[in-house]
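See structure below.
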Amino acid sequence: MKKLNKILYIILGIVIGILIIGLLYKYTDLFNGSSKNVIKNYSGKTIIEKNSLASSVEKAKDSVVMIEGYKGNDVSSTGTGFVYKTDDKYGYVMTNEHVIDGCNKIVLVMSDDSEAEGKVLGSDEYLDLAVIRVDKDKIKGVAVIGTSEKSKVGDTIFTIGTPMGYEYRGTVTSGILSGKDRMVSVSVGNNSETSDYVMKVLQIDAAVNPGNSGGPLLNSNGEVIGIVSMKLVDQEIEGMGFAIPIEYAMSHIENLEQGKEIEWPVLGISMLNVTDTTYLYQSGINITDGSTDGVVVISISKGSGASKSDLQKGDIITKLNNEKVKNIAYLRYELYKYKPGDTIEITYLRDNKEHTTKVTLQKSNS
């Protein structure tokens, strides 16, 4: 009899365990990693919404701010930013450089609609990043910084931002991570009509509209993995937005906080794309070998690193440290991996023959 009772207790324990596991599976995200939102409909019936981002949005929303940039007394631009850290006195907001470019006054609108004036500590047009400082007592929340490196294509992502101005502040859009390590050509400066630089960015399909710039790109846990920066605009294009990986931004954040000018390296040359045939002709250079990729040396600055190399006017630079150079934008991308003082190898064509030479890089402001 004792043996029978023991078996019954074991069976009862197993049944109870199965019931508990079943309830946990149904009403929590313990096993499937998804978030569930329990709500009541109009009849009072309980509805379980699987894969809701509501808890992650709640976690991140108070760190997101609307940014109003003033020129004179008028608002000239609006965008988004997020508080990435605080210290004893201040909160620090990250956004895009193009959101605050040329503005003499910055006003931050917090998640509770309170306002505070911010101070731009530092910015850089090639990074397209800026840091704004605000009094700590104005801060409503601080974002959790994650990593884009661990994110996978197809992962759920979302953004919180200010599309189309004040009325739509706090708008949440979601989608998936559509691609990583995308090389996108960008222009710097408001009047630039050419591709000045190439950025390695994350591609997303979440809706990105004017005013979303500078806002956080977040994973399903509500951690920041990027900074929304741009989208492709065309009647035939839909759902192609881009974000700067958070690791890249954080690697430069200390200099921006301290207001230090980013010391980009330079070769010491003026240059044109090999495809700019009209401008090349005006400079007395005629490319006859049919080249479509590369950068043509137009002139060399005295005392520069290039002046101490074998480069001459008319040479076509095709590689930088063995990485291909398609045009000026790609040359800058490869060049900006290095620091002033570094020595790099340049591969170039002269008279249809390939040559190499060494160049020691200098500071951009030297």
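In the structure tokens, the first chain shown is A, the next is B, and so on; residue numbers restart at 1 for each chain, and ligands run from 1 in the order shown.
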
Within 12 Å of range 151-157 of chain A: each range 225-270 of chain A residue with its shortest pair, only C-alpha atoms, as a Markdown table:
| residue | atom | partner | partner_atom | distance |
| --- | --- | --- | --- | --- |
| A:Ile225 | CA | A:Ser151 | CA | 8.2 |
| A:Gly226 | CA | A:Ile157 | CA | 10.2 |
| A:Val228 | CA | A:Ile157 | CA | 11.7 |
| A:Ala243 | CA | A:Ile157 | CA | 11.5 |
| A:Pro245 | CA | A:Ser151 | CA | 10.6 |
| A:Ile246 | CA | A:Ser151 | CA | 11.6 |

Polymer residues at most 12 Å from Leu331 in chain A, only C-alpha atoms, same-chain spacing of 2 or more positions, as a PyMOL selection string
chain A and resi 185+195-199+265-267+271-273+293-296+316-329+333-338+346-347

Measuring atom to atom with only C-alpha atoms, identify which of A:Met164, A:Val65, A:Ile244, A:Val93 is nearest to Ser111 in chain A.
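With only C-alpha atoms as the atom set, the closest residue is A:Val65.
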
All strand (DSSP E) positions in range 218-363 of chain A, as number ranges by chain:
A: 218-219, 223-231, 241-245, 265-266, 269-273, 295-300, 316-320, 323-324, 343-350, 353-360, 362-363

The selected residues should be written to file as a short mmCIF file (atom, residue, chain, number, x, y, z; two decimals), in the first residue's frame (atoms: N, CA and C atoms).
data_model
loop_
_atom_site.label_atom_id
_atom_site.label_comp_id
_atom_site.auth_asym_id
_atom_site.auth_seq_id
_atom_site.Cartn_x
_atom_site.Cartn_y
_atom_site.Cartn_z
N LEU A 218 15.84 50.65 -31.74
CA LEU A 218 15.84 49.78 -30.56
C LEU A 218 15.53 48.34 -30.95
N ASN A 219 16.11 47.40 -30.20
CA ASN A 219 15.76 46.00 -30.40
C ASN A 219 14.52 45.65 -29.59
N GLU A 223 16.55 48.09 -26.09
CA GLU A 223 17.93 48.58 -26.01
C GLU A 223 18.30 49.28 -27.31
N VAL A 224 19.05 50.37 -27.20
CA VAL A 224 19.44 51.15 -28.37
C VAL A 224 20.55 50.41 -29.13
N ILE A 225 20.30 50.14 -30.42
CA ILE A 225 21.32 49.50 -31.25
C ILE A 225 21.77 50.40 -32.40
N GLY A 226 21.14 51.57 -32.53
CA GLY A 226 21.53 52.48 -33.61
C GLY A 226 20.87 53.83 -33.47
N ILE A 227 21.29 54.77 -34.31
CA ILE A 227 20.73 56.12 -34.36
C ILE A 227 20.14 56.33 -35.75
N VAL A 228 18.83 56.53 -35.82
CA VAL A 228 18.16 56.72 -37.10
C VAL A 228 18.76 57.93 -37.79
N SER A 229 19.17 57.77 -39.07
CA SER A 229 19.91 58.84 -39.72
C SER A 229 19.31 59.29 -41.04
N MET A 230 18.77 58.37 -41.83
CA MET A 230 18.34 58.76 -43.18
C MET A 230 17.41 57.71 -43.76
N LYS A 231 16.81 58.05 -44.90
CA LYS A 231 16.04 57.09 -45.68
C LYS A 231 16.22 57.42 -47.16
N GLY A 241 15.04 52.52 -44.64
CA GLY A 241 15.63 53.48 -43.72
C GLY A 241 16.98 52.98 -43.25
N PHE A 242 17.79 53.90 -42.68
CA PHE A 242 19.14 53.54 -42.27
C PHE A 242 19.46 54.14 -40.90
N ALA A 243 20.31 53.44 -40.18
CA ALA A 243 20.70 53.90 -38.84
C ALA A 243 22.19 53.66 -38.64
N ILE A 244 22.82 54.59 -37.91
CA ILE A 244 24.23 54.48 -37.56
C ILE A 244 24.37 53.46 -36.43
N PRO A 245 25.20 52.45 -36.57
CA PRO A 245 25.37 51.47 -35.48
C PRO A 245 25.81 52.16 -34.18
N PRO A 265 42.08 62.47 -40.82
CA PRO A 265 43.36 62.50 -41.54
C PRO A 265 43.18 62.96 -42.98
N VAL A 266 44.20 63.53 -43.56
CA VAL A 266 44.18 63.96 -44.95
C VAL A 266 45.44 63.49 -45.67
N ILE A 269 45.92 66.29 -50.88
CA ILE A 269 45.70 66.46 -52.32
C ILE A 269 44.32 67.07 -52.55
N SER A 270 44.15 67.73 -53.70
CA SER A 270 42.81 68.02 -54.20
C SER A 270 42.52 66.96 -55.26
N MET A 271 41.26 66.60 -55.42
CA MET A 271 40.95 65.43 -56.24
C MET A 271 39.59 65.54 -56.89
N LEU A 272 39.39 64.73 -57.93
CA LEU A 272 38.13 64.59 -58.63
C LEU A 272 37.89 63.12 -58.91
N ASN A 273 36.63 62.74 -59.05
CA ASN A 273 36.33 61.38 -59.46
C ASN A 273 36.77 61.17 -60.91
N VAL A 295 40.07 57.83 -58.14
CA VAL A 295 40.12 59.24 -57.80
C VAL A 295 41.37 59.84 -58.43
N VAL A 296 41.20 60.95 -59.14
CA VAL A 296 42.30 61.57 -59.87
C VAL A 296 42.93 62.68 -59.03
N VAL A 297 44.25 62.67 -58.94
CA VAL A 297 44.98 63.72 -58.23
C VAL A 297 45.01 64.98 -59.11
N ILE A 298 44.45 66.08 -58.58
CA ILE A 298 44.42 67.35 -59.32
C ILE A 298 45.60 68.23 -58.92
N SER A 299 45.90 68.28 -57.65
CA SER A 299 47.06 69.05 -57.17
C SER A 299 47.50 68.48 -55.83
N ILE A 300 48.71 68.83 -55.42
CA ILE A 300 49.28 68.33 -54.17
C ILE A 300 49.75 69.51 -53.32
N ILE A 316 45.78 58.23 -60.97
CA ILE A 316 44.46 57.74 -60.58
C ILE A 316 44.63 56.80 -59.39
N ILE A 317 44.16 57.22 -58.21
CA ILE A 317 44.23 56.38 -57.02
C ILE A 317 43.15 55.32 -57.09
N THR A 318 43.54 54.06 -56.99
CA THR A 318 42.59 52.95 -57.12
C THR A 318 42.44 52.13 -55.84
N LYS A 319 43.43 52.20 -54.95
CA LYS A 319 43.35 51.44 -53.70
C LYS A 319 44.02 52.21 -52.57
N LEU A 320 43.53 51.98 -51.37
CA LEU A 320 44.12 52.55 -50.17
C LEU A 320 44.32 51.41 -49.20
N GLU A 323 42.50 48.33 -50.21
CA GLU A 323 41.05 48.38 -50.30
C GLU A 323 40.67 49.23 -51.51
N LYS A 324 39.75 48.73 -52.34
CA LYS A 324 39.40 49.42 -53.57
C LYS A 324 38.76 50.78 -53.30
N THR A 343 50.87 55.82 -41.47
CA THR A 343 51.40 55.73 -42.83
C THR A 343 50.64 54.63 -43.57
N ILE A 344 50.13 54.97 -44.75
CA ILE A 344 49.34 54.03 -45.53
C ILE A 344 49.94 53.85 -46.92
N GLU A 345 49.52 52.78 -47.57
CA GLU A 345 49.99 52.52 -48.93
C GLU A 345 48.92 52.92 -49.95
N ILE A 346 49.32 53.67 -50.94
CA ILE A 346 48.43 54.11 -52.01
C ILE A 346 48.79 53.36 -53.29
N THR A 347 47.77 52.76 -53.91
CA THR A 347 47.95 52.15 -55.23
C THR A 347 47.36 53.09 -56.27
N TYR A 348 48.11 53.36 -57.34
CA TYR A 348 47.63 54.32 -58.34
C TYR A 348 48.06 53.89 -59.74
N LEU A 349 47.35 54.45 -60.72
CA LEU A 349 47.67 54.21 -62.12
C LEU A 349 48.31 55.45 -62.72
N ARG A 350 49.36 55.23 -63.49
CA ARG A 350 50.00 56.31 -64.26
C ARG A 350 50.43 55.71 -65.60
N LYS A 353 49.85 52.04 -66.05
CA LYS A 353 50.65 51.09 -65.27
C LYS A 353 50.39 51.32 -63.78
N GLU A 354 50.33 50.19 -63.03
CA GLU A 354 50.03 50.28 -61.60
C GLU A 354 51.31 50.49 -60.79
N HIS A 355 51.21 51.42 -59.82
CA HIS A 355 52.34 51.73 -58.93
C HIS A 355 51.82 51.80 -57.49
N THR A 356 52.73 51.77 -56.54
CA THR A 356 52.37 51.99 -55.13
C THR A 356 53.34 52.99 -54.52
N THR A 357 52.86 53.68 -53.49
CA THR A 357 53.70 54.62 -52.75
C THR A 357 53.15 54.74 -51.33
N LYS A 358 53.97 55.23 -50.42
CA LYS A 358 53.58 55.40 -49.02
C LYS A 358 53.27 56.88 -48.74
N VAL A 359 52.24 57.12 -47.94
CA VAL A 359 51.88 58.49 -47.54
C VAL A 359 51.64 58.51 -46.04
N THR A 360 52.28 59.45 -45.35
CA THR A 360 52.02 59.67 -43.93
C THR A 360 50.93 60.73 -43.78
N GLN A 362 48.23 63.49 -42.30
CA GLN A 362 48.29 64.67 -41.43
C GLN A 362 46.90 65.00 -40.91
N LYS A 363 46.83 65.95 -39.97
CA LYS A 363 45.56 66.38 -39.42
C LYS A 363 44.78 67.19 -40.43
#

Between CA of Asn221 in chain A and CA of Val201 in chain A - distance in Å to one decimal
20.6 Å

Run DSSP on the backbone and tell me which residues of range 80-171 of chain A come out as helix (DSSP H, G or I); list them as a compact mmCIF listing (two decimals) with C-alpha atoms, in the first residue's frame.
# COMPACT_ATOMS: atom_id res chain seq x y z
CA GLU A 97 24.47 66.64 -36.58
CA HIS A 98 22.13 67.67 -39.39
CA VAL A 99 19.32 68.17 -36.84
CA ILE A 100 21.17 70.97 -35.01
CA LYS A 136 19.77 66.52 -14.96
CA ASP A 137 16.57 67.50 -13.17
CA LYS A 138 14.88 67.87 -16.57
CA TYR A 166 5.29 68.42 -32.51
CA GLU A 167 1.84 66.94 -33.12
CA TYR A 168 3.23 63.44 -33.71

Between A:Gly284, A:Thr275, A:Met66, A:Gly268, which residue has the minimum interatomic distance to Pro340 in chain A, considering only C-alpha atoms?
A:Gly268
